[in-house]
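Trainee: For reference, this is entry-v4.cif, and it has mmCIF, C-alpha atoms.
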```
data_start
#
loop_
_atom_site.label_atom_id
_atom_site.label_comp_id
_atom_site.auth_asym_id
_atom_site.auth_seq_id
_atom_site.Cartn_x
_atom_site.Cartn_y
_atom_site.Cartn_z
CA MET D 1 -106.40 -113.59 81.66
CA ASP D 2 -103.14 -112.98 83.47
CA ASP D 3 -101.86 -109.46 82.82
CA ASN D 4 -98.37 -110.31 84.05
CA LYS D 5 -97.83 -112.99 81.43
CA GLU D 6 -95.74 -112.07 78.41
CA LYS D 7 -97.79 -112.08 75.25
CA ALA D 8 -97.23 -113.34 71.70
CA THR D 9 -99.50 -112.45 68.79
CA ILE D 10 -99.53 -114.15 65.40
CA VAL D 11 -101.51 -113.00 62.38
CA VAL D 12 -102.24 -115.96 60.13
CA PHE D 13 -103.02 -114.38 56.76
CA SER D 14 -101.86 -117.32 54.62
CA GLY D 15 -103.91 -120.40 53.91
CA GLU D 16 -101.11 -122.78 52.99
CA LEU D 17 -100.17 -125.90 54.92
CA ASP D 18 -96.46 -125.12 55.33
CA ARG D 19 -97.06 -121.56 56.52
CA ALA D 20 -99.80 -122.68 58.91
CA LEU D 21 -97.48 -125.36 60.35
CA ALA D 22 -94.83 -122.71 61.02
CA ALA D 23 -97.41 -120.50 62.75
CA PHE D 24 -98.63 -123.34 64.98
CA ASN D 25 -95.10 -124.53 65.73
CA ILE D 26 -94.25 -121.09 67.14
CA ALA D 27 -97.63 -120.70 68.86
CA THR D 28 -97.39 -124.03 70.72
CA THR D 29 -93.76 -123.35 71.68
CA ALA D 30 -94.53 -119.86 73.01
CA ALA D 31 -97.47 -121.26 75.00
CA SER D 32 -95.17 -123.97 76.38
CA MET D 33 -92.76 -121.25 77.46
CA GLY D 34 -95.43 -119.61 79.57
CA MET D 35 -96.59 -116.92 77.14
CA GLU D 36 -100.18 -115.94 76.49
CA VAL D 37 -100.63 -116.56 72.77
CA THR D 38 -103.25 -115.12 70.42
CA MET D 39 -103.62 -116.20 66.80
CA PHE D 40 -105.62 -113.88 64.58
CA PHE D 41 -106.85 -115.60 61.42
CA THR D 42 -107.64 -113.37 58.49
CA PHE D 43 -108.19 -113.63 54.72
CA TRP D 44 -106.88 -116.96 53.37
CA GLY D 45 -105.83 -117.82 56.92
CA LEU D 46 -109.52 -118.31 57.76
CA ASN D 47 -109.31 -121.62 55.88
CA VAL D 48 -106.95 -122.96 58.55
CA VAL D 49 -109.66 -122.81 61.23
CA ALA D 50 -112.67 -123.21 58.95
CA ARG D 51 -114.68 -126.41 58.79
CA GLU D 52 -114.45 -128.24 55.51
CA ARG D 53 -117.22 -126.74 53.42
CA SER D 54 -119.06 -128.31 50.56
CA GLY D 55 -118.73 -124.90 48.92
CA GLY D 56 -121.36 -122.59 47.56
CA SER D 57 -122.67 -121.56 50.98
CA GLY D 58 -122.09 -117.82 50.46
CA ARG D 59 -124.85 -115.30 50.23
CA SER D 60 -124.19 -113.84 46.79
CA GLY D 61 -123.39 -115.55 43.49
CA LEU D 62 -119.78 -114.36 43.63
CA GLN D 63 -119.40 -115.65 47.20
CA ARG D 64 -120.82 -119.02 46.21
CA MET D 65 -118.31 -119.18 43.35
CA LEU D 66 -115.50 -118.22 45.74
CA GLY D 67 -116.75 -120.87 48.18
CA LEU D 68 -116.55 -123.56 45.51
CA MET D 69 -112.93 -122.71 44.74
CA ASN D 70 -111.93 -122.00 48.34
CA ARG D 71 -113.42 -124.78 50.42
CA GLY D 72 -111.56 -124.43 53.69
CA GLY D 73 -110.46 -126.91 56.33
CA ALA D 74 -106.96 -127.63 57.67
CA ARG D 75 -106.83 -131.02 55.94
CA ARG D 76 -107.32 -129.43 52.51
CA LEU D 77 -104.60 -126.76 52.64
CA LYS D 78 -102.03 -126.81 49.85
CA LEU D 79 -98.29 -126.32 50.06
CA SER D 80 -97.00 -122.86 49.09
CA ARG D 81 -94.39 -124.54 46.87
CA LEU D 82 -94.21 -127.91 45.08
CA ASP D 83 -97.82 -128.78 45.83
CA MET D 84 -98.06 -130.33 42.34
CA LEU D 85 -101.84 -130.78 42.35
CA GLY D 86 -101.65 -132.52 45.70
CA GLY D 87 -98.77 -134.90 44.94
CA GLY D 88 -96.20 -132.79 46.77
CA ARG D 89 -98.63 -132.27 49.62
CA ALA D 90 -99.20 -136.01 50.01
CA ALA D 91 -95.45 -136.63 49.94
CA MET D 92 -94.88 -133.94 52.58
CA LYS D 93 -97.58 -135.37 54.84
CA ARG D 94 -96.06 -138.81 54.46
CA LEU D 95 -92.59 -137.49 55.37
CA MET D 96 -94.07 -135.77 58.41
CA ARG D 97 -95.73 -139.01 59.53
CA GLU D 98 -92.49 -140.94 59.02
CA HIS D 99 -90.73 -138.43 61.27
CA ARG D 100 -93.55 -138.61 63.84
CA MET D 101 -94.26 -134.93 63.34
CA PRO D 102 -97.79 -133.89 64.28
CA SER D 103 -100.20 -133.08 61.47
CA LEU D 104 -101.64 -129.58 61.22
CA GLU D 105 -104.93 -130.85 62.66
CA GLU D 106 -103.04 -132.28 65.65
CA MET D 107 -101.12 -128.99 66.05
CA ILE D 108 -104.40 -127.04 66.10
CA HIS D 109 -105.76 -129.35 68.79
CA MET D 110 -102.51 -129.08 70.77
CA ALA D 111 -102.50 -125.26 70.57
CA ASP D 112 -106.08 -125.21 71.81
CA GLU D 113 -105.18 -127.52 74.72
CA LEU D 114 -102.26 -125.24 75.61
CA GLY D 115 -104.63 -122.30 75.88
CA VAL D 116 -103.76 -120.51 72.62
CA ARG D 117 -106.57 -118.10 71.78
CA PHE D 118 -108.00 -118.25 68.25
CA ILE D 119 -109.67 -115.15 66.79
CA ALA D 120 -111.30 -115.12 63.35
CA CYS D 121 -111.52 -111.84 61.44
CA THR D 122 -115.12 -110.79 60.92
CA THR D 123 -114.35 -108.54 57.92
CA SER D 124 -112.81 -111.43 55.96
CA MET D 125 -115.75 -113.59 57.01
CA ALA D 126 -118.22 -111.06 55.62
CA LEU D 127 -116.21 -110.74 52.41
CA MET D 128 -116.22 -114.49 51.87
CA GLY D 129 -119.76 -115.03 53.05
CA LEU D 130 -118.77 -117.16 56.06
CA GLY D 131 -120.66 -117.39 59.34
CA GLU D 132 -119.58 -118.49 62.81
CA GLU D 133 -121.01 -121.94 62.04
CA ASP D 134 -118.38 -122.34 59.28
CA PHE D 135 -115.56 -122.54 61.86
CA ILE D 136 -114.15 -125.25 64.11
CA PRO D 137 -115.20 -125.00 67.79
CA GLU D 138 -111.63 -124.13 68.86
CA VAL D 139 -112.20 -120.57 67.57
CA ASP D 140 -112.70 -118.49 70.73
CA GLU D 141 -113.72 -115.15 69.32
CA PHE D 142 -114.87 -113.34 66.19
CA ALA D 143 -113.45 -109.83 66.05
CA GLY D 144 -111.80 -107.08 64.06
CA ALA D 145 -108.42 -105.39 63.72
CA ALA D 146 -108.75 -103.26 66.86
CA THR D 147 -108.84 -106.45 68.94
CA TYR D 148 -105.65 -107.58 67.24
CA VAL D 149 -103.93 -104.18 67.62
CA GLU D 150 -104.81 -104.04 71.32
CA LYS D 151 -103.28 -107.49 71.85
CA ALA D 152 -100.30 -106.82 69.60
CA SER D 153 -99.43 -103.50 71.26
CA GLY D 154 -98.76 -105.35 74.50
CA SER D 155 -96.97 -108.33 72.93
CA ALA D 156 -93.29 -109.15 73.02
CA ILE D 157 -93.64 -111.22 69.84
CA ASN D 158 -95.69 -110.14 66.82
CA LEU D 159 -95.67 -112.19 63.63
CA PHE D 160 -97.48 -111.95 60.32
CA ILE D 161 -97.52 -115.27 58.49
CA MET Z 1 -77.06 -137.37 87.10
CA LYS Z 2 -80.08 -138.77 88.89
CA ALA Z 3 -83.61 -137.83 87.94
CA ASP Z 4 -86.97 -138.21 89.68
CA ARG Z 5 -88.80 -138.61 86.38
CA THR Z 6 -87.84 -139.36 82.79
CA LEU Z 7 -89.50 -138.14 79.60
CA ASP Z 8 -88.67 -140.02 76.41
CA CYS Z 9 -88.71 -137.73 73.37
CA VAL Z 10 -86.50 -139.88 71.12
CA GLY Z 11 -87.67 -139.58 67.53
CA LEU Z 12 -89.57 -136.36 68.17
CA TYR Z 13 -88.77 -133.00 66.65
CA CYS Z 14 -89.40 -129.38 67.57
CA PRO Z 15 -91.75 -128.32 69.07
CA MET Z 16 -92.72 -131.67 70.62
CA PRO Z 17 -89.91 -132.13 73.20
CA ILE Z 18 -90.53 -128.61 74.54
CA VAL Z 19 -94.32 -128.96 74.52
CA LYS Z 20 -94.06 -132.33 76.29
CA THR Z 21 -91.53 -130.99 78.79
CA SER Z 22 -93.84 -128.11 79.69
CA GLN Z 23 -96.63 -130.63 80.38
CA GLU Z 24 -94.44 -133.15 82.21
CA ILE Z 25 -92.84 -130.61 84.56
CA LYS Z 26 -96.28 -130.02 86.08
CA GLU Z 27 -96.16 -133.58 87.46
CA LEU Z 28 -93.02 -132.86 89.52
CA ALA Z 29 -92.72 -131.27 92.95
CA GLU Z 30 -90.50 -128.24 93.40
CA GLY Z 31 -86.83 -129.23 93.55
CA GLU Z 32 -87.33 -132.53 91.72
CA VAL Z 33 -85.35 -133.28 88.57
CA LEU Z 34 -86.76 -134.17 85.17
CA GLU Z 35 -84.62 -136.01 82.63
CA VAL Z 36 -85.60 -135.47 78.99
CA ILE Z 37 -84.12 -137.85 76.44
CA ALA Z 38 -84.09 -136.60 72.86
CA ASP Z 39 -82.18 -137.19 69.65
CA ASP Z 40 -83.02 -133.94 67.86
CA LYS Z 41 -79.95 -131.83 68.51
CA GLY Z 42 -82.04 -128.66 68.61
CA ILE Z 43 -82.66 -129.65 72.23
CA LYS Z 44 -79.12 -128.53 73.13
CA SER Z 45 -80.10 -124.93 72.54
CA ASP Z 46 -83.86 -125.17 73.06
CA MET Z 47 -83.92 -126.59 76.58
CA PRO Z 48 -81.63 -123.91 78.10
CA ALA Z 49 -83.81 -121.33 76.28
CA TRP Z 50 -86.98 -122.92 77.68
CA CYS Z 51 -85.47 -122.90 81.18
CA SER Z 52 -84.37 -119.27 80.99
CA LYS Z 53 -87.90 -118.27 79.96
CA THR Z 54 -89.82 -120.43 82.44
CA GLY Z 55 -87.46 -120.07 85.42
CA HIS Z 56 -86.71 -123.78 85.83
CA GLU Z 57 -83.06 -124.68 86.40
CA PHE Z 58 -81.08 -126.10 83.51
CA MET Z 59 -78.66 -128.59 85.06
CA GLY Z 60 -76.83 -129.91 82.02
CA ILE Z 61 -76.76 -132.31 79.10
CA GLU Z 62 -75.13 -135.72 78.83
CA GLU Z 63 -74.59 -136.99 75.31
CA GLU Z 64 -74.34 -140.67 74.53
CA ASP Z 65 -74.86 -142.69 71.34
CA GLY Z 66 -76.54 -139.79 69.56
CA GLU Z 67 -79.02 -139.26 72.37
CA TYR Z 68 -79.15 -136.21 74.60
CA HIS Z 69 -80.07 -136.62 78.25
CA VAL Z 70 -81.14 -133.20 79.49
CA PHE Z 71 -81.66 -132.49 83.19
CA VAL Z 72 -84.00 -129.80 84.49
CA ARG Z 73 -84.78 -128.98 88.13
CA LYS Z 74 -88.27 -127.71 88.79
CA LYS Z 75 -88.48 -124.28 90.39
CA GLY Z 76 -91.49 -122.60 91.94
#
```
Can you turn what I pasted into structure tokens?
Mentor:
Amino acid sequence: MDDNKEKATIVVFSGELDRALAAFNIATTAASMGMEVTMFFTFWGLNVVARERSGGSGRSGLQRMLGLMNRGGARRLKLSRLDMLGGGRAAMKRLMREHRMPSLEEMIHMADELGVRFIACTTSMALMGLGEEDFIPEVDEFAGAATYVEKASGSAINLFI
Amino acid sequence: MKADRTLDCVGLYCPMPIVKTSQEIKELAEGEVLEVIADDKGIKSDMPAWCSKTGHEFMGIEEEDGEYHVFVRKKG
């Protein structure tokens, strides 16, 4: 990595479509402006970079129950407002298509192509009973908060979404 | 203004014109001019911002029929 490059760090804590879109919009823009961008996915944010799970893959009974209600995958994320059991989400996705805006899945691919680094939080993974195999291949690293703090301390932009 | 290359971003919104510009500029030689055509007016502020951050030269914007023709000279 280039130490002279300005850095941007984004914590993606939320697992909602609209919030994830905002995070990826800023990440792809910062990368396009020559910055070295790291996205740290934690808690519900893990769902953004998780593979779609059938659910129930956790180790304990509680984790399997959580897995059934929290199945992961960018395509499945709900809106933070007006989701309306998926009706609002479908309408939003349609509006985005009509305006030729990239889908979240396309934004994730684009960010990866632009060299944005994806880190998944291992503590949240343990809590939810997720393994490395539960994530999309774009995830570069599995790490903890110290990795984030080290990156963030040298970053010009730090966001928590 | 004359350009060596043109990038059509009509119908695209933030961040696409900027992302595409950052890719397209790689195809130019130093000193050549890229024309970006867009109709999202965010480009009026975003392209000068992109240039100030990346070091490429912002040469100006021509507005016609709701489309913005933005000219950028590649540096270094």
Trainee: Using only C-alpha atoms, which protein or nucleic acid residues come within 10 Å of Z:Glu67? Drop anything in the same chain fewer than 2 positions from it, and give the result as JSON, numbers by chain.
Mentor: {"Z": [9, 10, 11, 37, 38, 39, 40, 41, 61, 62, 63, 64, 65, 69, 70]}
Trainee: Neighbouring residues of stretch 17-23 of chain Z were defined as those with any atom within 7 Å, considering all atoms listed in the file; residues of the same chain fewer than 6 positions away were excluded. Please report them as a count of residues only.
Mentor: 4
Trainee: With all atoms listed in the file as the counted atoms, please give the residues lying no more than 12 Å from D:Ser153, apart from itself and same-chain residues fewer than 6 positions off, as an mmCIF file with C-alpha atoms, in the coordinates of the input.
Mentor:
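As written to disk, around34.cif reads:
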```cif
data_model
loop_
_atom_site.group_PDB
_atom_site.id
_atom_site.type_symbol
_atom_site.label_atom_id
_atom_site.label_comp_id
_atom_site.auth_asym_id
_atom_site.auth_seq_id
_atom_site.Cartn_x
_atom_site.Cartn_y
_atom_site.Cartn_z
ATOM 1 C CA GLU D 6 -95.740 -112.070 78.410
ATOM 2 C CA LYS D 7 -97.790 -112.080 75.250
ATOM 3 C CA ALA D 8 -97.230 -113.340 71.700
ATOM 4 C CA THR D 9 -99.500 -112.450 68.790
ATOM 5 C CA ALA D 145 -108.420 -105.390 63.720
ATOM 6 C CA ALA D 146 -108.750 -103.260 66.860
ATOM 7 C CA THR D 147 -108.840 -106.450 68.940
#
```
Trainee: Within 10 Å of chain Z, which residues belong to chain D? Use all atoms listed in the file and report them as number ranges by chain.
Mentor: D: 24-35, 98-102, 107, 110-111, 114
Trainee: Which of these, D:Asp18, D:Asp112, D:Glu106, D:Asp83, has the shortest distance to D:Gly45 once you count all atoms listed in the file?
Mentor: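 Closest residue, counting all atoms listed in the file: D:Asp18.
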Trainee: Report as a PyMOL selection string the residues that result from applying the PyMOL selection byres ((chain D and resi 43) around 12) to the structure here.
Mentor: chain D and resi 11-16+40-42+44-50+70+72+120-130+144+161
Trainee: Counting all atoms listed in the file, figure out which residue out of D:Gly88, D:Pro137, D:Gly115, D:Gly67 gets nearest to D:Arg51.
Mentor: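 Smallest separation from D:Arg51 among the options: D:Pro137.
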Trainee: Report, in Å with one decimal, the straight-line distance from atom CA of D:Glu36 to atom CA of D:Val116.
Mentor: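 Between atom CA of D:Glu36 and atom CA of D:Val116 the gap is 7.0 Å.
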Trainee: Find the residue from D:Arg59, D:Asn4, D:Leu21, D:Phe118 that sits nearest to D:Lys93; use all atoms listed in the file when measuring.
Mentor: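 Using all atoms listed in the file, the shortest distance to D:Lys93 belongs to D:Leu21.
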Trainee: Please report the interatomic distance between atom CA of D:Val139 and atom CA of D:Arg64 in Å with one decimal.
Mentor: 23.1 Å
Trainee: Using all atoms listed in the file, what residues lie at most 12 Å away from (-75.8, -131.4, 87.5) (file coordinates), given as a ChimeraX atom specification?
Mentor: /Z:1-3,33-35,57-62,69-73
Trainee: Could you tell me how far atom CA of Z:Tyr68 sits from atom CA of Z:Arg5, in Å to one decimal place?
Mentor: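 These two atoms are separated by 15.4 Å.
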